[in-house]
Amino acid sequence: MYFASDNAAPAAPEVMEALSKANTGYAQSYGNDEIMDRVTAKIRDIFEAPDAAVYLVSTGTTANALSLSVLTAPWQTVFCHRHSHIEEDECGAPEFFTGGAKLTLLEGADAKIHPAEFRARANSTGVLGVHNIQRGALSITNVTEMGTLYTVPEITELCKTAHDLGIGTHLDGARFTNALVALGCTPAEMTWKAGIDVVSFGGTKNGLLGVEAVIIFDPAKAWEFELRRKRGGHLFSKHRYLSAQMEAYLTDDLWLKLAKQANDAGARLEAGLTKINSFKLLHPRQANMLFCGMSRAAHARAKAGGAMYHPWPGDHPETGPDDEFLTCRLVCSWSTTDAEIDAFVAFVQG
Ligand SMILES: *Cc1c(COP(=O)(O)O)cnc(C)c1O
């Protein structure tokens, strides 16, 4: 019963097989391997973007920080949600890789930027000339940090505001495929057709060992990205092992299958838990993550039964009333089983 994070899950067997297969003979280094040529073609095809530049890195933080670095100058600001990963979980990497750009934190329910607030804040940014931080980029996350979804029209509206102001747009897609499968749209519809310029296309949380793609729809930014990736120490020499993971991921719809398994597990967990009286969802469950609350006694039963998950947002106090309502985050992965879910629900129910 492991619901701490989807990055605690194993890598998919198909990915391990592909790695083993790639581990024969010689291959060109630094991204010039033949597997990478096929990955680039495949991603361009999947995204209906024949000119897109495609790069692989090993962490989501790198994907986000390097993506933002090609959209934002040091004297500019990135508009993002107060609870975005780039603000709360990346140790200042976006600020570091952009050479000191600012983050402007926006509000909005369920970790989604409110379009009117973005418009107001963006319109009032940089209006006093040289004294002000200048507008740089918009960064949104789908699936959001609270497990909710931006719909395609919502993405389109935010991107239109950004483009009207002349700034670029970035999508943190650490859980890109979970969002895609839940929305039932195409990759193009969720990204460039809605106005997204650069995508962090996650793989690690959905069955890879550690690969994320960065997809840049405007090829004019490609060379700068390559230089920044190398300078930042993130150009892998034995790159074929990154390429092999991504190729396996995109073969026979594995990426879609794995995300659907994770989302289905999230739905089953929600269905089981919402039958329990003292259980409450704090945000709508729209993909593979639940932000929820239950009594201290229910937490104690689940923990004693061996369940693993994080209290959210902070630690639970050591002692207190049994019926005290305490919140947590539960994340399902592609490898979460029905048996794990049903056992967890039974412990919570008591
Ligand atoms: C996990 C995650 C990332 C990437 O994190 P790394 O630990 O750097 O791989 C980025 N954005 C979001 C929203 C995430 O959940």
# chains A, B, ... in the order shown; residues from 1 in each chain; ligands from 1
call {"tool": "closest_atom_pairs", "arguments": {"of": "chain A", "to": "ligand 1", "cutoff": "6 Å", "atoms": "only C-alpha atoms and all ligand atoms", "output": "tab-separated table"}}
result
residue	atom	partner	partner_atom_place_in_ligand_line	distance
A:Thr59	CA	ligand 1	9 (O)	3.9
A:Gly60	CA	ligand 1	4 (C)	3.3
A:Thr61	CA	ligand 1	8 (O)	3.5
A:His85	CA	ligand 1	13 (C)	4.9
A:Glu145	CA	ligand 1	13 (C)	5.4
A:Asp172	CA	ligand 1	11 (N)	5.7
A:Ala174	CA	ligand 1	11 (N)	4.8
call {"tool": "write_last_selection", "arguments": {"atoms": "all heavy atoms", "output": "PDB file, in the first residue's frame"}}
result
ATOM      1  N   THR A  59      15.821  14.803 -15.201  1.00  0.00           N
ATOM      2  CA  THR A  59      14.899  15.155 -14.110  1.00  0.00           C
ATOM      3  C   THR A  59      13.907  16.222 -14.576  1.00  0.00           C
ATOM      4  O   THR A  59      14.174  16.979 -15.514  1.00  0.00           O
ATOM      5  CB  THR A  59      15.619  15.729 -12.862  1.00  0.00           C
ATOM      6  OG1 THR A  59      16.117  17.048 -13.168  1.00  0.00           O
ATOM      7  CG2 THR A  59      16.762  14.849 -12.402  1.00  0.00           C
ATOM      8  N   GLY A  60      12.791  16.260 -13.870  1.00  0.00           N
ATOM      9  CA  GLY A  60      11.776  17.251 -14.184  1.00  0.00           C
ATOM     10  C   GLY A  60      12.233  18.653 -13.832  1.00  0.00           C
ATOM     11  O   GLY A  60      11.875  19.628 -14.502  1.00  0.00           O
ATOM     12  N   THR A  61      13.022  18.767 -12.781  1.00  0.00           N
ATOM     13  CA  THR A  61      13.545  20.078 -12.399  1.00  0.00           C
ATOM     14  C   THR A  61      14.405  20.646 -13.528  1.00  0.00           C
ATOM     15  O   THR A  61      14.289  21.826 -13.886  1.00  0.00           O
ATOM     16  CB  THR A  61      14.361  19.957 -11.086  1.00  0.00           C
ATOM     17  OG1 THR A  61      13.481  19.502 -10.049  1.00  0.00           O
ATOM     18  CG2 THR A  61      14.981  21.282 -10.689  1.00  0.00           C
ATOM     19  N   HIS A  85       5.382  23.533  -8.697  1.00  0.00           N
ATOM     20  CA  HIS A  85       6.621  22.803  -8.408  1.00  0.00           C
ATOM     21  C   HIS A  85       7.826  23.727  -8.574  1.00  0.00           C
ATOM     22  O   HIS A  85       8.772  23.668  -7.788  1.00  0.00           O
ATOM     23  CB  HIS A  85       6.724  21.604  -9.366  1.00  0.00           C
ATOM     24  CG  HIS A  85       7.667  20.537  -8.911  1.00  0.00           C
ATOM     25  ND1 HIS A  85       8.999  20.537  -9.239  1.00  0.00           N
ATOM     26  CD2 HIS A  85       7.476  19.411  -8.161  1.00  0.00           C
ATOM     27  CE1 HIS A  85       9.580  19.462  -8.718  1.00  0.00           C
ATOM     28  NE2 HIS A  85       8.683  18.760  -8.060  1.00  0.00           N
ATOM     29  N   GLU A 145      -0.429  20.535  -9.222  1.00  0.00           N
ATOM     30  CA  GLU A 145       0.159  20.063  -7.976  1.00  0.00           C
ATOM     31  C   GLU A 145      -0.904  19.627  -6.961  1.00  0.00           C
ATOM     32  O   GLU A 145      -0.571  19.026  -5.947  1.00  0.00           O
ATOM     33  CB  GLU A 145       1.049  21.150  -7.376  1.00  0.00           C
ATOM     34  CG  GLU A 145       2.373  21.358  -8.103  1.00  0.00           C
ATOM     35  CD  GLU A 145       2.282  22.163  -9.397  1.00  0.00           C
ATOM     36  OE1 GLU A 145       1.174  22.592  -9.763  1.00  0.00           O
ATOM     37  OE2 GLU A 145       3.328  22.367 -10.037  1.00  0.00           O
ATOM     38  N   ASP A 172       4.511  22.592 -17.437  1.00  0.00           N
ATOM     39  CA  ASP A 172       5.171  21.563 -16.636  1.00  0.00           C
ATOM     40  C   ASP A 172       4.298  20.324 -16.725  1.00  0.00           C
ATOM     41  O   ASP A 172       3.253  20.232 -16.085  1.00  0.00           O
ATOM     42  CB  ASP A 172       5.312  22.053 -15.188  1.00  0.00           C
ATOM     43  CG  ASP A 172       5.903  20.975 -14.263  1.00  0.00           C
ATOM     44  OD1 ASP A 172       6.046  19.813 -14.696  1.00  0.00           O
ATOM     45  OD2 ASP A 172       6.216  21.313 -13.104  1.00  0.00           O
ATOM     46  N   ALA A 174       5.073  17.113 -15.796  1.00  0.00           N
ATOM     47  CA  ALA A 174       5.630  15.960 -15.067  1.00  0.00           C
ATOM     48  C   ALA A 174       4.637  14.798 -15.121  1.00  0.00           C
ATOM     49  O   ALA A 174       5.024  13.637 -15.166  1.00  0.00           O
ATOM     50  CB  ALA A 174       5.935  16.339 -13.622  1.00  0.00           C
TER      51      ALA A 174
END
call {"tool": "residues_around", "arguments": {"residues": "segment 221-230 of chain A", "least_positions_apart": "3", "cutoff": "7 Å", "atoms": "only C-alpha atoms", "output": "ChimeraX atom specification"}}
result
/A:53,66,70,218,233-235
call {"tool": "closest_residue", "arguments": {"among": "A:Pro219, A:Met246, A:Asp342, A:His81", "to": "Ala271 of chain A", "atoms": "only C-alpha atoms"}}
result
A:Asp342
call {"tool": "atom_distance", "arguments": {"atom1": "atom CA of Leu105 of chain A", "atom2": "atom CA of Ala63 of chain A"}}
result
19.9 Å
call {"tool": "select_by_dssp", "arguments": {"residues": "segment 46-143 of chain A", "states": "strand (DSSP E)", "output": "JSON, numbers by chain"}}
result
{"A": [53, 54, 55, 56, 57, 76, 77, 78, 79, 80, 81, 102, 103, 104, 105, 106, 134, 135, 136, 137, 138, 139, 140, 141]}
call {"tool": "closest_residue", "arguments": {"among": "A:Val39, A:Ile341, A:Val211, A:Ile167", "to": "Ala73 of chain A", "atoms": "only C-alpha atoms"}}
result
A:Ile167
call {"tool": "residues_around", "arguments": {"residues": "Glu154 of chain A", "least_positions_apart": "5", "cutoff": "9 Å", "atoms": "only C-alpha atoms", "output": "list of chain:residue names"}}
result
A:Pro115, A:Cys159, A:Ala194
call {"tool": "residues_around", "arguments": {"residues": "Asn142 of chain A", "least_positions_apart": "4", "cutoff": "12 Å", "atoms": "only C-alpha atoms", "output": "JSON, numbers by chain"}}
result
{"A": [81, 84, 85, 110, 111, 112, 113, 146, 147, 148, 149, 150, 151, 152, 154, 155, 170, 171, 172, 173, 174, 175, 176, 177, 178, 179, 180, 181, 182, 183, 190, 191, 196, 199, 200, 201, 202, 286, 287, 288]}
call {"tool": "residues_around", "arguments": {"residues": "segment 251-259 of chain A", "least_positions_apart": "2", "cutoff": "7 Å", "atoms": "only C-alpha atoms", "output": "list in words"}}
result
Thr177, Asn178, Val181, Asn206, Glu247, Ala248, Tyr249, Gln261, Ala262, Asn263 and Trp334 of chain A
call {"tool": "atom_distance", "arguments": {"atom1": "atom CA of Thr337 of chain A", "atom2": "atom CA of Pro187 of chain A"}}
result
27.3 Å
call {"tool": "closest_atom_pairs", "arguments": {"of": "segment 157-243 of chain A", "to": "segment 18-38 of chain A", "cutoff": "8 Å", "atoms": "only C-alpha atoms", "output": "Markdown table"}}
result
| residue | atom | partner | partner_atom | distance |
| --- | --- | --- | --- | --- |
| A:Leu235 | CA | A:Tyr30 | CA | 6.4 |
| A:Phe236 | CA | A:Tyr30 | CA | 5.7 |
| A:Ser237 | CA | A:Tyr30 | CA | 4.4 |
| A:Lys238 | CA | A:Ser29 | CA | 5.5 |
| A:His239 | CA | A:Gly31 | CA | 5.3 |
| A:Arg240 | CA | A:Asp33 | CA | 5.9 |
| A:Tyr241 | CA | A:Leu19 | CA | 6.2 |
| A:Ser243 | CA | A:Met36 | CA | 5.1 |
call {"tool": "select_by_dssp", "arguments": {"residues": "segment 165-214 of chain A", "states": "helix (DSSP H, G or I)", "output": "list in words"}}
result
Phe176, Thr177, Asn178, Ala179, Leu180, Val181, Ala182, Leu183, Pro187, Ala188, Glu189, Met190, Trp192, Lys193, Ala194, Thr204, Lys205 and Asn206 of chain A
